[in-house]
Each structure stands twice: as C-alpha cells, then as structure tokens.
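Enquirer: Please find start21.pdb (PDB, C-alpha atoms) on the next line:
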```
MODEL        1
ATOM      1  CA  MET A   4       0.000   0.000   0.000
ATOM      2  CA  ASN A   5       1.133   3.542  -0.537
ATOM      3  CA  LYS A   6       0.614   6.147   2.174
ATOM      4  CA  GLN A   7      -2.596   7.585   0.792
ATOM      5  CA  GLU A   8      -4.114   4.127   0.312
ATOM      6  CA  ARG A   9      -3.119   3.178   3.861
ATOM      7  CA  VAL A  10      -4.799   6.246   5.395
ATOM      8  CA  LEU A  11      -7.982   5.787   3.359
ATOM      9  CA  ALA A  12      -8.119   2.116   4.353
ATOM     10  CA  ALA A  13      -7.820   3.073   8.020
ATOM     11  CA  LEU A  14     -10.543   5.712   7.710
ATOM     12  CA  ASN A  15     -12.916   3.218   6.092
ATOM     13  CA  GLY A  16     -12.070   0.195   8.217
ATOM     14  CA  ASN A  17     -10.663  -1.771   5.286
ATOM     15  CA  GLU A  18      -7.835  -4.290   5.266
ATOM     16  CA  ILE A  19      -4.493  -2.660   5.905
ATOM     17  CA  ASP A  20      -0.816  -3.625   5.881
ATOM     18  CA  TYR A  21      -0.003  -1.685   9.047
ATOM     19  CA  ILE A  22      -1.542   1.142  11.067
ATOM     20  CA  PRO A  23      -0.731   4.573   9.599
ATOM     21  CA  TYR A  24       0.769   7.139  11.925
ATOM     22  CA  SER A  25       1.988  10.680  12.263
ATOM     23  CA  LEU A  26       3.112  13.047  15.002
ATOM     24  CA  TRP A  27       2.994  16.810  15.269
ATOM     25  CA  TYR A  28       4.084  19.723  17.373
ATOM     26  CA  HIS A  29       4.154  23.500  17.356
ATOM     27  CA  PHE A  30       7.219  24.342  15.301
ATOM     28  CA  GLY A  31       7.487  27.948  16.477
ATOM     29  CA  THR A  32       7.642  29.175  12.897
ATOM     30  CA  GLN A  33       4.876  31.765  13.142
ATOM     31  CA  PHE A  34       7.477  34.541  12.795
ATOM     32  CA  LEU A  35       8.849  33.049   9.572
ATOM     33  CA  PRO A  36       7.687  33.537   5.989
ATOM     34  CA  ALA A  37       5.862  30.639   4.370
ATOM     35  CA  ALA A  38       8.782  29.148   2.437
ATOM     36  CA  LYS A  39      11.000  28.706   5.483
ATOM     37  CA  ALA A  40       8.134  27.367   7.607
ATOM     38  CA  ALA A  41       7.257  24.887   4.857
ATOM     39  CA  ASP A  42      10.843  23.634   4.628
ATOM     40  CA  ILE A  43      10.878  22.853   8.354
ATOM     41  CA  GLN A  44       7.593  20.969   8.337
ATOM     42  CA  ILE A  45       8.457  19.006   5.193
ATOM     43  CA  ALA A  46      11.824  18.072   6.717
ATOM     44  CA  PHE A  47       9.998  16.777   9.807
ATOM     45  CA  TYR A  48       7.714  14.627   7.656
ATOM     46  CA  GLU A  49      10.581  13.283   5.544
ATOM     47  CA  ARG A  50      12.914  12.528   8.458
ATOM     48  CA  TYR A  51      10.369  10.279  10.175
ATOM     49  CA  ASP A  52       8.616   8.913   7.097
ATOM     50  CA  PHE A  53       5.143   9.713   8.430
ATOM     51  CA  ASP A  54       2.079   8.384   6.622
ATOM     52  CA  PHE A  55       0.630  11.909   6.426
ATOM     53  CA  LEU A  56       1.601  15.408   7.480
ATOM     54  CA  LYS A  57      -0.453  17.551   9.799
ATOM     55  CA  VAL A  58       0.686  21.049   8.953
ATOM     56  CA  MET A  59       0.826  23.357  11.953
ATOM     57  CA  ASN A  60      -0.776  26.768  11.573
ATOM     58  CA  ASP A  61       0.198  29.384  14.141
ATOM     59  CA  TYR A  62      -0.191  32.634  12.201
ATOM     60  CA  SER A  63      -2.354  35.010  14.246
ATOM     61  CA  TYR A  64      -5.809  36.253  13.322
ATOM     62  CA  PRO A  65      -5.433  40.048  13.122
ATOM     63  CA  LEU A  66      -6.921  42.624  15.428
ATOM     64  CA  PRO A  67      -8.459  45.737  13.858
ATOM     65  CA  GLU A  68      -6.162  48.657  13.137
ATOM     66  CA  ARG A  69      -5.225  50.806  16.121
ATOM     67  CA  LEU A  70      -6.250  48.057  18.537
ATOM     68  CA  ASP A  71      -3.413  46.260  20.300
ATOM     69  CA  ARG A  72      -5.617  44.060  22.504
ATOM     70  CA  VAL A  73      -9.237  43.406  23.374
ATOM     71  CA  ARG A  74     -10.311  44.901  26.677
ATOM     72  CA  THR A  75     -14.035  45.542  26.268
ATOM     73  CA  ILE A  76     -17.018  44.326  24.295
ATOM     74  CA  GLU A  77     -16.726  47.479  22.188
ATOM     75  CA  ASP A  78     -13.218  46.408  21.191
ATOM     76  CA  TRP A  79     -14.521  42.933  20.369
ATOM     77  CA  LYS A  80     -17.247  44.345  18.153
ATOM     78  CA  GLN A  81     -14.594  45.953  15.951
ATOM     79  CA  LEU A  82     -13.513  42.574  14.559
ATOM     80  CA  LYS A  83     -13.808  42.415  10.793
ATOM     81  CA  PRO A  84     -13.862  39.462   8.388
ATOM     82  CA  VAL A  85     -10.440  38.496   7.032
ATOM     83  CA  THR A  86     -10.212  37.463   3.392
ATOM     84  CA  VAL A  87      -7.924  34.697   2.169
ATOM     85  CA  ASN A  88      -5.591  37.506   1.093
ATOM     86  CA  GLY A  89      -5.123  38.628   4.690
ATOM     87  CA  TYR A  90      -1.620  37.860   5.963
ATOM     88  CA  CYS A  91      -2.643  35.191   8.500
ATOM     89  CA  PHE A  92      -4.370  33.188   5.766
ATOM     90  CA  SER A  93      -2.329  34.088   2.696
ATOM     91  CA  GLU A  94       0.995  33.162   4.287
ATOM     92  CA  GLN A  95      -0.343  29.799   5.440
ATOM     93  CA  LEU A  96      -1.802  29.144   1.989
ATOM     94  CA  LYS A  97       1.604  29.851   0.457
ATOM     95  CA  LEU A  98       3.051  27.302   2.883
ATOM     96  CA  LEU A  99       0.410  24.750   1.930
ATOM     97  CA  LYS A 100       1.091  25.213  -1.780
ATOM     98  CA  ILE A 101       4.748  24.343  -1.193
ATOM     99  CA  VAL A 102       3.765  21.271   0.827
ATOM    100  CA  ALA A 103       1.263  20.243  -1.868
ATOM    101  CA  LYS A 104       3.934  20.379  -4.557
ATOM    102  CA  ARG A 105       6.362  18.283  -2.496
ATOM    103  CA  LEU A 106       3.860  15.640  -1.303
ATOM    104  CA  LYS A 107       1.751  15.403  -4.452
ATOM    105  CA  GLY A 108       0.770  11.802  -5.070
ATOM    106  CA  GLU A 109       2.877  10.606  -2.134
ATOM    107  CA  ALA A 110       0.994  11.435   1.049
ATOM    108  CA  PHE A 111      -1.963  13.411   2.333
ATOM    109  CA  PHE A 112      -1.522  16.577   4.318
ATOM    110  CA  LEU A 113      -3.980  18.372   6.576
ATOM    111  CA  ASP A 114      -4.025  21.986   7.633
ATOM    112  CA  THR A 115      -4.527  22.744  11.302
ATOM    113  CA  VAL A 116      -7.571  24.986  11.686
ATOM    114  CA  PHE A 117      -8.578  26.349  15.063
ATOM    115  CA  SER A 118     -12.309  26.500  15.694
ATOM    116  CA  PRO A 119     -14.092  29.871  15.882
ATOM    117  CA  LEU A 120     -13.969  29.844  19.676
ATOM    118  CA  GLY A 121     -10.337  28.750  19.506
ATOM    119  CA  VAL A 122      -9.503  31.690  17.235
ATOM    120  CA  ALA A 123     -11.415  33.952  19.619
ATOM    121  CA  ARG A 124      -9.294  32.750  22.553
ATOM    122  CA  ARG A 125      -6.048  33.101  20.632
ATOM    123  CA  THR A 126      -7.078  36.597  19.527
ATOM    124  CA  ALA A 127      -8.617  38.086  22.680
ATOM    125  CA  LYS A 128      -7.200  35.650  25.265
ATOM    126  CA  ASP A 129      -9.237  34.512  28.247
ATOM    127  CA  ILE A 130     -11.124  37.789  28.571
ATOM    128  CA  ILE A 131     -13.573  36.254  26.107
ATOM    129  CA  PHE A 132     -15.271  34.266  28.864
ATOM    130  CA  ASP A 133     -16.239  37.439  30.718
ATOM    131  CA  LEU A 134     -17.363  39.039  27.457
ATOM    132  CA  LEU A 135     -19.511  36.134  26.258
ATOM    133  CA  ARG A 136     -21.284  35.804  29.611
ATOM    134  CA  SER A 137     -21.845  39.509  30.153
ATOM    135  CA  HIS A 138     -22.689  40.398  26.519
ATOM    136  CA  PRO A 139     -23.704  37.108  24.855
ATOM    137  CA  GLU A 140     -25.426  38.475  21.754
ATOM    138  CA  GLU A 141     -22.733  41.021  21.024
ATOM    139  CA  PHE A 142     -20.068  38.394  21.584
ATOM    140  CA  LYS A 143     -21.746  36.164  19.015
ATOM    141  CA  GLN A 144     -21.326  38.918  16.443
ATOM    142  CA  GLY A 145     -17.571  38.496  16.720
ATOM    143  CA  LEU A 146     -17.879  34.717  16.484
ATOM    144  CA  GLU A 147     -19.922  35.133  13.313
ATOM    145  CA  VAL A 148     -17.185  37.321  11.805
ATOM    146  CA  ILE A 149     -14.509  34.751  12.629
ATOM    147  CA  THR A 150     -16.666  31.898  11.325
ATOM    148  CA  GLU A 151     -17.274  33.660   8.027
ATOM    149  CA  SER A 152     -13.526  34.167   7.638
ATOM    150  CA  LEU A 153     -12.753  30.537   8.452
ATOM    151  CA  CYS A 154     -15.377  29.177   6.058
ATOM    152  CA  ASN A 155     -13.783  31.049   3.186
ATOM    153  CA  TYR A 156     -10.320  30.004   4.299
ATOM    154  CA  VAL A 157     -10.987  26.248   4.593
ATOM    155  CA  LYS A 158     -12.341  26.158   1.041
ATOM    156  CA  ALA A 159      -9.070  27.664  -0.120
ATOM    157  CA  VAL A 160      -7.149  25.064   1.915
ATOM    158  CA  ILE A 161      -8.753  22.228  -0.050
ATOM    159  CA  GLU A 162      -8.294  24.069  -3.327
ATOM    160  CA  VAL A 163      -4.507  24.249  -2.860
ATOM    161  CA  GLY A 164      -4.332  20.473  -2.383
ATOM    162  CA  ALA A 165      -4.933  19.593   1.265
ATOM    163  CA  ALA A 166      -6.811  16.331   1.877
ATOM    164  CA  GLY A 167      -8.750  18.001   4.660
ATOM    165  CA  ILE A 168      -8.456  19.964   7.872
ATOM    166  CA  PHE A 169      -7.386  19.056  11.376
ATOM    167  CA  PHE A 170     -10.075  21.043  13.177
ATOM    168  CA  SER A 171      -9.150  21.892  16.761
ATOM    169  CA  VAL A 172     -12.410  22.084  18.720
ATOM    170  CA  ASN A 173     -12.038  24.491  21.616
ATOM    171  CA  GLY A 174     -14.717  24.622  24.295
ATOM    172  CA  ALA A 175     -16.015  21.046  24.332
ATOM    173  CA  THR A 176     -14.982  20.665  27.948
ATOM    174  CA  SER A 177     -16.744  21.158  31.259
ATOM    175  CA  ASP A 178     -13.622  23.038  32.389
ATOM    176  CA  LEU A 179     -14.874  25.931  30.266
ATOM    177  CA  PHE A 180     -18.569  25.462  29.496
ATOM    178  CA  SER A 181     -21.746  23.747  30.481
ATOM    179  CA  LYS A 182     -23.386  21.638  27.800
ATOM    180  CA  GLU A 183     -25.900  24.431  27.269
ATOM    181  CA  GLU A 184     -23.162  27.013  26.755
ATOM    182  CA  PHE A 185     -21.338  24.666  24.401
ATOM    183  CA  GLN A 186     -24.483  24.327  22.323
ATOM    184  CA  GLU A 187     -24.860  28.118  22.223
ATOM    185  CA  PHE A 188     -21.336  29.471  21.788
ATOM    186  CA  VAL A 189     -19.355  26.647  20.207
ATOM    187  CA  LYS A 190     -21.171  23.984  18.241
ATOM    188  CA  PRO A 191     -23.207  26.097  15.782
ATOM    189  CA  TYR A 192     -20.067  27.900  14.617
ATOM    190  CA  ASP A 193     -17.987  24.717  14.467
ATOM    191  CA  LEU A 194     -20.601  23.078  12.284
ATOM    192  CA  GLN A 195     -20.605  25.945   9.809
ATOM    193  CA  VAL A 196     -16.876  25.486   9.211
ATOM    194  CA  LEU A 197     -17.064  21.699   9.051
ATOM    195  CA  GLU A 198     -20.060  21.732   6.706
ATOM    196  CA  THR A 199     -17.979  23.851   4.342
ATOM    197  CA  VAL A 200     -15.412  21.070   3.873
ATOM    198  CA  LYS A 201     -17.661  18.056   4.498
ATOM    199  CA  ASP A 202     -18.026  17.152   0.832
ATOM    200  CA  ILE A 203     -14.694  18.414  -0.498
ATOM    201  CA  GLY A 204     -12.216  16.983   2.014
ATOM    202  CA  VAL A 205     -11.405  13.261   2.158
ATOM    203  CA  PHE A 206      -9.602  13.363   5.503
ATOM    204  CA  ASN A 207     -11.178  15.808   7.954
ATOM    205  CA  VAL A 208     -10.332  15.297  11.628
ATOM    206  CA  ALA A 209     -12.001  16.841  14.673
ATOM    207  CA  HIS A 210      -9.471  17.240  17.465
ATOM    208  CA  VAL A 211     -11.476  17.681  20.665
ATOM    209  CA  HIS A 212      -9.078  19.770  22.694
ATOM    210  CA  GLY A 213      -8.696  19.753  26.466
ATOM    211  CA  TYR A 214      -9.746  17.525  29.341
ATOM    212  CA  ASN A 215     -13.039  16.676  31.055
ATOM    213  CA  LEU A 216     -14.463  16.551  27.575
ATOM    214  CA  LEU A 217     -18.068  16.863  26.457
ATOM    215  CA  PHE A 218     -17.232  14.214  23.881
ATOM    216  CA  ASP A 219     -20.815  13.046  23.463
ATOM    217  CA  GLN A 220     -21.694  16.550  22.239
ATOM    218  CA  VAL A 221     -19.428  16.321  19.172
ATOM    219  CA  THR A 222     -19.981  12.780  17.904
ATOM    220  CA  ASP A 223     -22.313  14.096  15.198
ATOM    221  CA  TYR A 224     -19.642  16.418  13.774
ATOM    222  CA  PRO A 225     -19.312  15.691  10.011
ATOM    223  CA  VAL A 226     -15.709  14.474   9.990
ATOM    224  CA  HIS A 227     -13.830  11.321   9.052
ATOM    225  CA  ALA A 228     -11.973  10.890  12.345
ATOM    226  CA  PHE A 229     -11.743  12.059  15.963
ATOM    227  CA  SER A 230      -8.632  12.940  17.940
ATOM    228  CA  TRP A 231      -8.426  13.762  21.665
ATOM    229  CA  ALA A 232      -6.239  13.284  24.754
ATOM    230  CA  HIS A 233      -7.759   9.895  25.557
ATOM    231  CA  LEU A 234      -4.984   8.981  27.997
ATOM    232  CA  HIS A 235      -5.960  11.953  30.179
ATOM    233  CA  SER A 236      -9.674  12.406  29.563
ATOM    234  CA  TRP A 237     -12.844  10.414  28.909
ATOM    235  CA  PRO A 238     -13.469   8.493  26.743
ATOM    236  CA  THR A 239     -10.848   5.809  26.369
ATOM    237  CA  LEU A 240     -10.271   4.489  22.867
ATOM    238  CA  GLN A 241     -12.351   1.432  23.723
ATOM    239  CA  GLU A 242     -15.193   3.574  25.079
ATOM    240  CA  ALA A 243     -15.078   5.821  22.025
ATOM    241  CA  LYS A 244     -15.753   2.794  19.837
ATOM    242  CA  THR A 245     -19.218   2.643  21.434
ATOM    243  CA  LEU A 246     -19.858   6.363  20.873
ATOM    244  CA  THR A 247     -18.880   6.761  17.221
ATOM    245  CA  ASP A 248     -18.210   4.635  14.161
ATOM    246  CA  LYS A 249     -15.648   7.130  12.876
ATOM    247  CA  CYS A 250     -11.928   6.445  12.719
ATOM    248  CA  LEU A 251     -10.018   7.215  15.936
ATOM    249  CA  VAL A 252      -6.656   8.964  16.095
ATOM    250  CA  GLY A 253      -4.557   8.426  19.203
ATOM    251  CA  GLY A 254      -2.430   6.029  21.190
ATOM    252  CA  ILE A 255       0.516   8.287  22.044
ATOM    253  CA  ASP A 256       0.648  10.318  25.256
ATOM    254  CA  GLU A 257       1.228  13.942  24.303
ATOM    255  CA  HIS A 258       2.945  14.450  27.667
ATOM    256  CA  LEU A 259       5.934  12.404  26.585
ATOM    257  CA  THR A 260       9.221  13.690  27.945
ATOM    258  CA  ASN A 261      12.737  13.032  26.765
ATOM    259  CA  MET A 262      13.080  10.699  29.764
ATOM    260  CA  PHE A 263      10.133   8.502  28.764
ATOM    261  CA  HIS A 264      11.337   4.890  28.684
ATOM    262  CA  PRO A 265      11.139   3.057  25.338
ATOM    263  CA  ASP A 266       9.434   0.063  26.954
ATOM    264  CA  ALA A 267       6.618   2.300  28.199
ATOM    265  CA  LEU A 268       6.234   3.834  24.758
ATOM    266  CA  GLU A 269       5.947   0.407  23.159
ATOM    267  CA  THR A 270       3.337  -0.509  25.765
ATOM    268  CA  GLN A 271       1.255   2.550  24.862
ATOM    269  CA  ILE A 272       1.196   1.494  21.234
ATOM    270  CA  GLU A 273       0.344  -2.112  22.074
ATOM    271  CA  ASN A 274      -2.494  -0.982  24.366
ATOM    272  CA  ALA A 275      -3.941   1.255  21.655
ATOM    273  CA  LEU A 276      -3.861  -1.551  19.098
ATOM    274  CA  ARG A 277      -5.556  -3.880  21.551
ATOM    275  CA  GLU A 278      -8.295  -1.367  22.476
ATOM    276  CA  THR A 279      -9.111  -0.595  18.855
ATOM    277  CA  GLN A 280      -8.256  -4.036  17.437
ATOM    278  CA  GLY A 281      -6.465  -2.054  14.757
ATOM    279  CA  GLN A 282      -9.784  -1.198  13.108
ATOM    280  CA  LYS A 283     -10.555   2.341  11.966
ATOM    281  CA  PHE A 284      -7.500   3.537  13.831
ATOM    282  CA  ILE A 285      -4.598   5.894  13.101
ATOM    283  CA  LEU A 286      -1.751   6.236  15.559
ATOM    284  CA  GLY A 287      -0.999   9.763  16.714
ATOM    285  CA  PRO A 288      -0.612  11.873  19.848
ATOM    286  CA  GLY A 289      -3.502  13.114  21.976
ATOM    287  CA  CYS A 290      -2.316  16.658  21.249
ATOM    288  CA  ALA A 291       0.912  18.317  20.132
ATOM    289  CA  ILE A 292       3.967  16.548  21.526
ATOM    290  CA  PRO A 293       6.949  18.333  23.122
ATOM    291  CA  THR A 294       9.396  19.720  20.582
ATOM    292  CA  ASP A 295      12.345  18.102  22.375
ATOM    293  CA  MET A 296      11.078  14.554  21.885
ATOM    294  CA  PRO A 297      14.217  12.577  20.956
ATOM    295  CA  PRO A 298      14.433  11.309  17.366
ATOM    296  CA  GLU A 299      15.086   7.758  18.538
ATOM    297  CA  GLN A 300      11.756   7.789  20.387
ATOM    298  CA  ILE A 301       9.893   8.779  17.230
ATOM    299  CA  ASP A 302      11.803   6.159  15.252
ATOM    300  CA  LEU A 303      10.721   3.561  17.811
ATOM    301  CA  ILE A 304       7.044   4.319  17.154
ATOM    302  CA  CYS A 305       7.457   3.590  13.458
ATOM    303  CA  GLN A 306       9.462   0.428  14.129
ATOM    304  CA  THR A 307       6.867  -0.871  16.598
ATOM    305  CA  LEU A 308       3.990  -0.339  14.183
ATOM    306  CA  ARG A 309       5.671  -1.911  11.204
ATOM    307  CA  LYS A 310       6.534  -5.082  13.072
ATOM    308  CA  SER A 311       3.055  -5.396  14.668
TER     309      SER A 311
ENDMDL
END
```
Would you mind writing the structure in this file as structure tokens?
Expert:
Amino acid sequence: MNKQERVLAALNGNEIDYIPYSLWYHFGTQFLPAAKAADIQIAFYERYDFDFLKVMNDYSYPLPERLDRVRTIEDWKQLKPVTVNGYCFSEQLKLLKIVAKRLKGEAFFLDTVFSPLGVARRTAKDIIFDLLRSHPEEFKQGLEVITESLCNYVKAVIEVGAAGIFFSVNGATSDLFSKEEFQEFVKPYDLQVLETVKDIGVFNVAHVHGYNLLFDQVTDYPVHAFSWAHLHSWPTLQEAKTLTDKCLVGGIDEHLTNMFHPDALETQIENALRETQGQKFILGPGCAIPTDMPPEQIDLICQTLRKS
C-alpha cells in the first residue's frame, strides 16, 4: 500500500498492511515567511517517514487597526472578516502550496484549523469568557465574523491540495462550558466550518481539545476521524468505539518527555492496538507533543507499528 491508500483504508475500516501514523508539534515558525516554515515541516515529515503530514498553523488572526488588545465588548465588536488575502491566511496558503507540490501523489496533508472559539481565545485571550457571559449576543457577532472568515479560508485550503483539515475544537470541555453554553457558543459555529469542507475533504479530523471533555456533544460532527487526549480524559479508545463509528486517532501520550522509557512507549502502542483491534485507527498523539522529543523515540514508534 502507498501512504494515501493506507490512510484511506484506516478511515474506512478496510484491510491494511499496518496502522498509519503521524506526530505533530508546534514548530514555532509563526514569525517566519511561508517558504521557510514549509521547509521545516516538510523536513519533519521526511525525516520520520510519516504516513501523512499535519501542517501546523500558528499565524495570528489580526486585530483591527489601532487596537493592540481586546479589553471591552466594544473592542470585540470591531472585529472584521479576514479574506484569504489577509496575511494570516495568505501566508499559510503559500506554505500549503509548497507542501502540496512536495507531497503530491505521495501522502496526504492536513491543515490545522482552530475553531471559531479557539480563534477567539487566541485573539482576545481569556477575557472572552467574561465578554460572552456579560454580553452574549454582542459576543456572538464576533464569532460570526470569525466563522465567516474561516469558512472562506478552509475552502481555499482544499483548493490548494490539502486532503482536509485538522479542526481543533475548543470549548467542548466542562472546564470551560456547560453543555448548554457549548451548544450556544461553540457547536453552531464549528458546524458551519465543518459543513464547508464536508463534501470536499477526504480526511477531515475533529481534534477535541482539552480535558473533562463533552465528547458526546461532538460525535455528530461531520468528519472522518476524531482525535483527543484519551490517555488523560474520557473516553478511552475502547469507550469511544461505542460512541462513534468514525476512525479514531490516538495512542501516544502527548505528555511524553525526553526521559520517557522506550518500553513504556511500546506498551502505549500495544495498548492502543488492543483497544481498537487495529480497526478504523490511526496512531498519533492526543495533542501536540513536546518539541524536544528525541528522534530515537519517534523512530521507535514507526518500528513498533511496522513489526506489529
């Protein structure tokens, strides 16, 4: 099987030669132009021979002119839609075009896309929780602006050659919201973005970010696979099999340190294969791994899978 065939087989629960895998972390390249950032991420993919590349995306959504931070709801209401020609999107699209040219016909790549609430948090920081609870309707206006921008952007992501998006769902956790608040401030906006790529992406993943997850609230998201920190939050991989028939992405503890023993790492992989029976499963971390993870540890993951 080639890499694309292997991933599609895993997504569909078909016969497979071995479980596909990939890892990812925040490269810290948000200060770099697209070409340099692309070189780093492609080098990461090539060095470890991943089955697909999840492209990190850390360019910042812009604040309006003459506003250096959000302090009030009036500041928040100044948010404007960003076109795909805006720097945060255009630079990432340039990066994706370079990746598409290098990986064409060889492997799929996904673009990391933060959900509307996730973009809101990254833009206005944690003040958003005070704003959304004190001015809910006005806060939603800003979410609508961000959602409109993201819907246009994700279409462009597929057009440049991405197989789909790795959609980081922010807010599906009782640490931040009740189920009612999730249904009001998170899910409707998430669904608008995901519906945009539902029929044009072949490999869309919902990464349910955080702990104490409201996982049962997202199982109807129109994606091909789910990712979450299952070693630190409900549900386990085995439990998730009873909640969704979608492919599961996981198995590797994102809290790995450079002192993590190889035997323990092999055990994690073996446990994940046992829980999922290797069906509709892709090996990956529960979230971004530390950037100082030793190369020999990553090599071990590949070796363990290919001999299983």
Enquirer: From the set A:Asp42, A:Glu140, A:Asp129, A:Asp52, which residue has the shortest atom-to-atom contact distance to Ala110 (chain A), counting all atoms listed in the file?
Expert: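 Result for the nearest residue to Ala110 (chain A): A:Asp52.
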Enquirer: For the file shown, what are the residues hit by the PyMOL selection byres ((chain A and resi 22) around 8), laid out as an mmCIF file with C-alpha atoms, keeping the file's coordinate frame?
Expert:
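The resulting part02.cif:
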```cif
data_model
loop_
_atom_site.group_PDB
_atom_site.id
_atom_site.type_symbol
_atom_site.label_atom_id
_atom_site.label_comp_id
_atom_site.auth_asym_id
_atom_site.auth_seq_id
_atom_site.Cartn_x
_atom_site.Cartn_y
_atom_site.Cartn_z
ATOM 1 C CA ARG A 9 -3.119 3.178 3.861
ATOM 2 C CA ALA A 13 -7.820 3.073 8.020
ATOM 3 C CA ILE A 19 -4.493 -2.660 5.905
ATOM 4 C CA ASP A 20 -0.816 -3.625 5.881
ATOM 5 C CA TYR A 21 -0.003 -1.685 9.047
ATOM 6 C CA PRO A 23 -0.731 4.573 9.599
ATOM 7 C CA TYR A 24 0.769 7.139 11.925
ATOM 8 C CA GLY A 281 -6.465 -2.054 14.757
ATOM 9 C CA PHE A 284 -7.500 3.537 13.831
ATOM 10 C CA ILE A 285 -4.598 5.894 13.101
ATOM 11 C CA LEU A 286 -1.751 6.236 15.559
ATOM 12 C CA LEU A 308 3.990 -0.339 14.183
ATOM 13 C CA ARG A 309 5.671 -1.911 11.204
#
```
Enquirer: Suppose a student applies the PyMOL selection byres ((chain A and resi 240) around 9) to this structure; what residues should they get, written as a ChimeraX atom specification?
Expert: /A:233-234,237-239,241-244,251-254,275,278-279
Enquirer: Under the rule that all atoms listed in the file are counted, which of A:Leu99, A:Met262, A:Leu268, A:Cys290 is the nearest residue to Phe229 (chain A)?
Expert: A:Cys290
Enquirer: Which of these residues is nearest to Ala46 (chain A), using only C-alpha atoms: A:Phe263, A:Phe30, A:Tyr62, A:Phe206?
Expert: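 The answer is A:Phe30, which sits nearest to Ala46 (chain A).
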Enquirer: In Å, with one decimal, what is the gap from CA of Leu120 (chain A) to CA of Val10 (chain A)?
Expert: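 CA of Leu120 (chain A) sits 29.1 Å away from CA of Val10 (chain A).
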Enquirer: Grab the CA of Val116 (chain A) to CA of Glu151 (chain A) distance for me, in Å with one decimal place.
Expert: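 These atoms are spaced 13.5 Å apart.
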Enquirer: Which residues match the PyMOL selection byres ((chain A and resi 260) around 10) in the file above, as a PyMOL selection string?
Expert: chain A and resi 256-259+261-264+292-297+300
Enquirer: Residues near Thr86 (chain A), anyone? I mean within 10 Å using only C-alpha atoms, not counting same-chain ones fewer than 3 positions away, as a count of residues only.
Expert: 11
Enquirer: Give me the residues within 12 Å of Lys310 (chain A) as a list in words, counting all atoms listed in the file and dropping any in the same chain fewer than 3 places off.
Expert: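 With the cut-off at 12 Å, the set is Asp20, Tyr21, Ile22, Glu269, Ile272, Glu273, Leu303, Ile304, Cys305, Gln306 and Thr307 of chain A.
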Enquirer: With all atoms listed in the file as the counted atoms, please give the residues lying no more than 9 Å from region 176-183 of chain A, apart from itself and same-chain residues fewer than 3 positions off, as a list in words.
Expert: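 Residues meeting the cut-off are Phe132, Asn173, Gln186, Glu187, Phe188, Val211, His212, Gly213, Tyr214, Asn215, Leu216, Leu217, Phe218 and Gln220 of chain A.
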Enquirer: Pull C-alpha atoms for region 74-122 of chain A from the block and write them as a short mmCIF file (atom, residue, chain, number, x, y, z; two decimals), in the first residue's frame.
Expert:
```
data_model
loop_
_atom_site.label_atom_id
_atom_site.label_comp_id
_atom_site.auth_asym_id
_atom_site.auth_seq_id
_atom_site.Cartn_x
_atom_site.Cartn_y
_atom_site.Cartn_z
CA ARG A 74 -10.31 44.90 26.68
CA THR A 75 -14.04 45.54 26.27
CA ILE A 76 -17.02 44.33 24.29
CA GLU A 77 -16.73 47.48 22.19
CA ASP A 78 -13.22 46.41 21.19
CA TRP A 79 -14.52 42.93 20.37
CA LYS A 80 -17.25 44.34 18.15
CA GLN A 81 -14.59 45.95 15.95
CA LEU A 82 -13.51 42.57 14.56
CA LYS A 83 -13.81 42.42 10.79
CA PRO A 84 -13.86 39.46 8.39
CA VAL A 85 -10.44 38.50 7.03
CA THR A 86 -10.21 37.46 3.39
CA VAL A 87 -7.92 34.70 2.17
CA ASN A 88 -5.59 37.51 1.09
CA GLY A 89 -5.12 38.63 4.69
CA TYR A 90 -1.62 37.86 5.96
CA CYS A 91 -2.64 35.19 8.50
CA PHE A 92 -4.37 33.19 5.77
CA SER A 93 -2.33 34.09 2.70
CA GLU A 94 1.00 33.16 4.29
CA GLN A 95 -0.34 29.80 5.44
CA LEU A 96 -1.80 29.14 1.99
CA LYS A 97 1.60 29.85 0.46
CA LEU A 98 3.05 27.30 2.88
CA LEU A 99 0.41 24.75 1.93
CA LYS A 100 1.09 25.21 -1.78
CA ILE A 101 4.75 24.34 -1.19
CA VAL A 102 3.77 21.27 0.83
CA ALA A 103 1.26 20.24 -1.87
CA LYS A 104 3.93 20.38 -4.56
CA ARG A 105 6.36 18.28 -2.50
CA LEU A 106 3.86 15.64 -1.30
CA LYS A 107 1.75 15.40 -4.45
CA GLY A 108 0.77 11.80 -5.07
CA GLU A 109 2.88 10.61 -2.13
CA ALA A 110 0.99 11.43 1.05
CA PHE A 111 -1.96 13.41 2.33
CA PHE A 112 -1.52 16.58 4.32
CA LEU A 113 -3.98 18.37 6.58
CA ASP A 114 -4.02 21.99 7.63
CA THR A 115 -4.53 22.74 11.30
CA VAL A 116 -7.57 24.99 11.69
CA PHE A 117 -8.58 26.35 15.06
CA SER A 118 -12.31 26.50 15.69
CA PRO A 119 -14.09 29.87 15.88
CA LEU A 120 -13.97 29.84 19.68
CA GLY A 121 -10.34 28.75 19.51
CA VAL A 122 -9.50 31.69 17.24
#
```
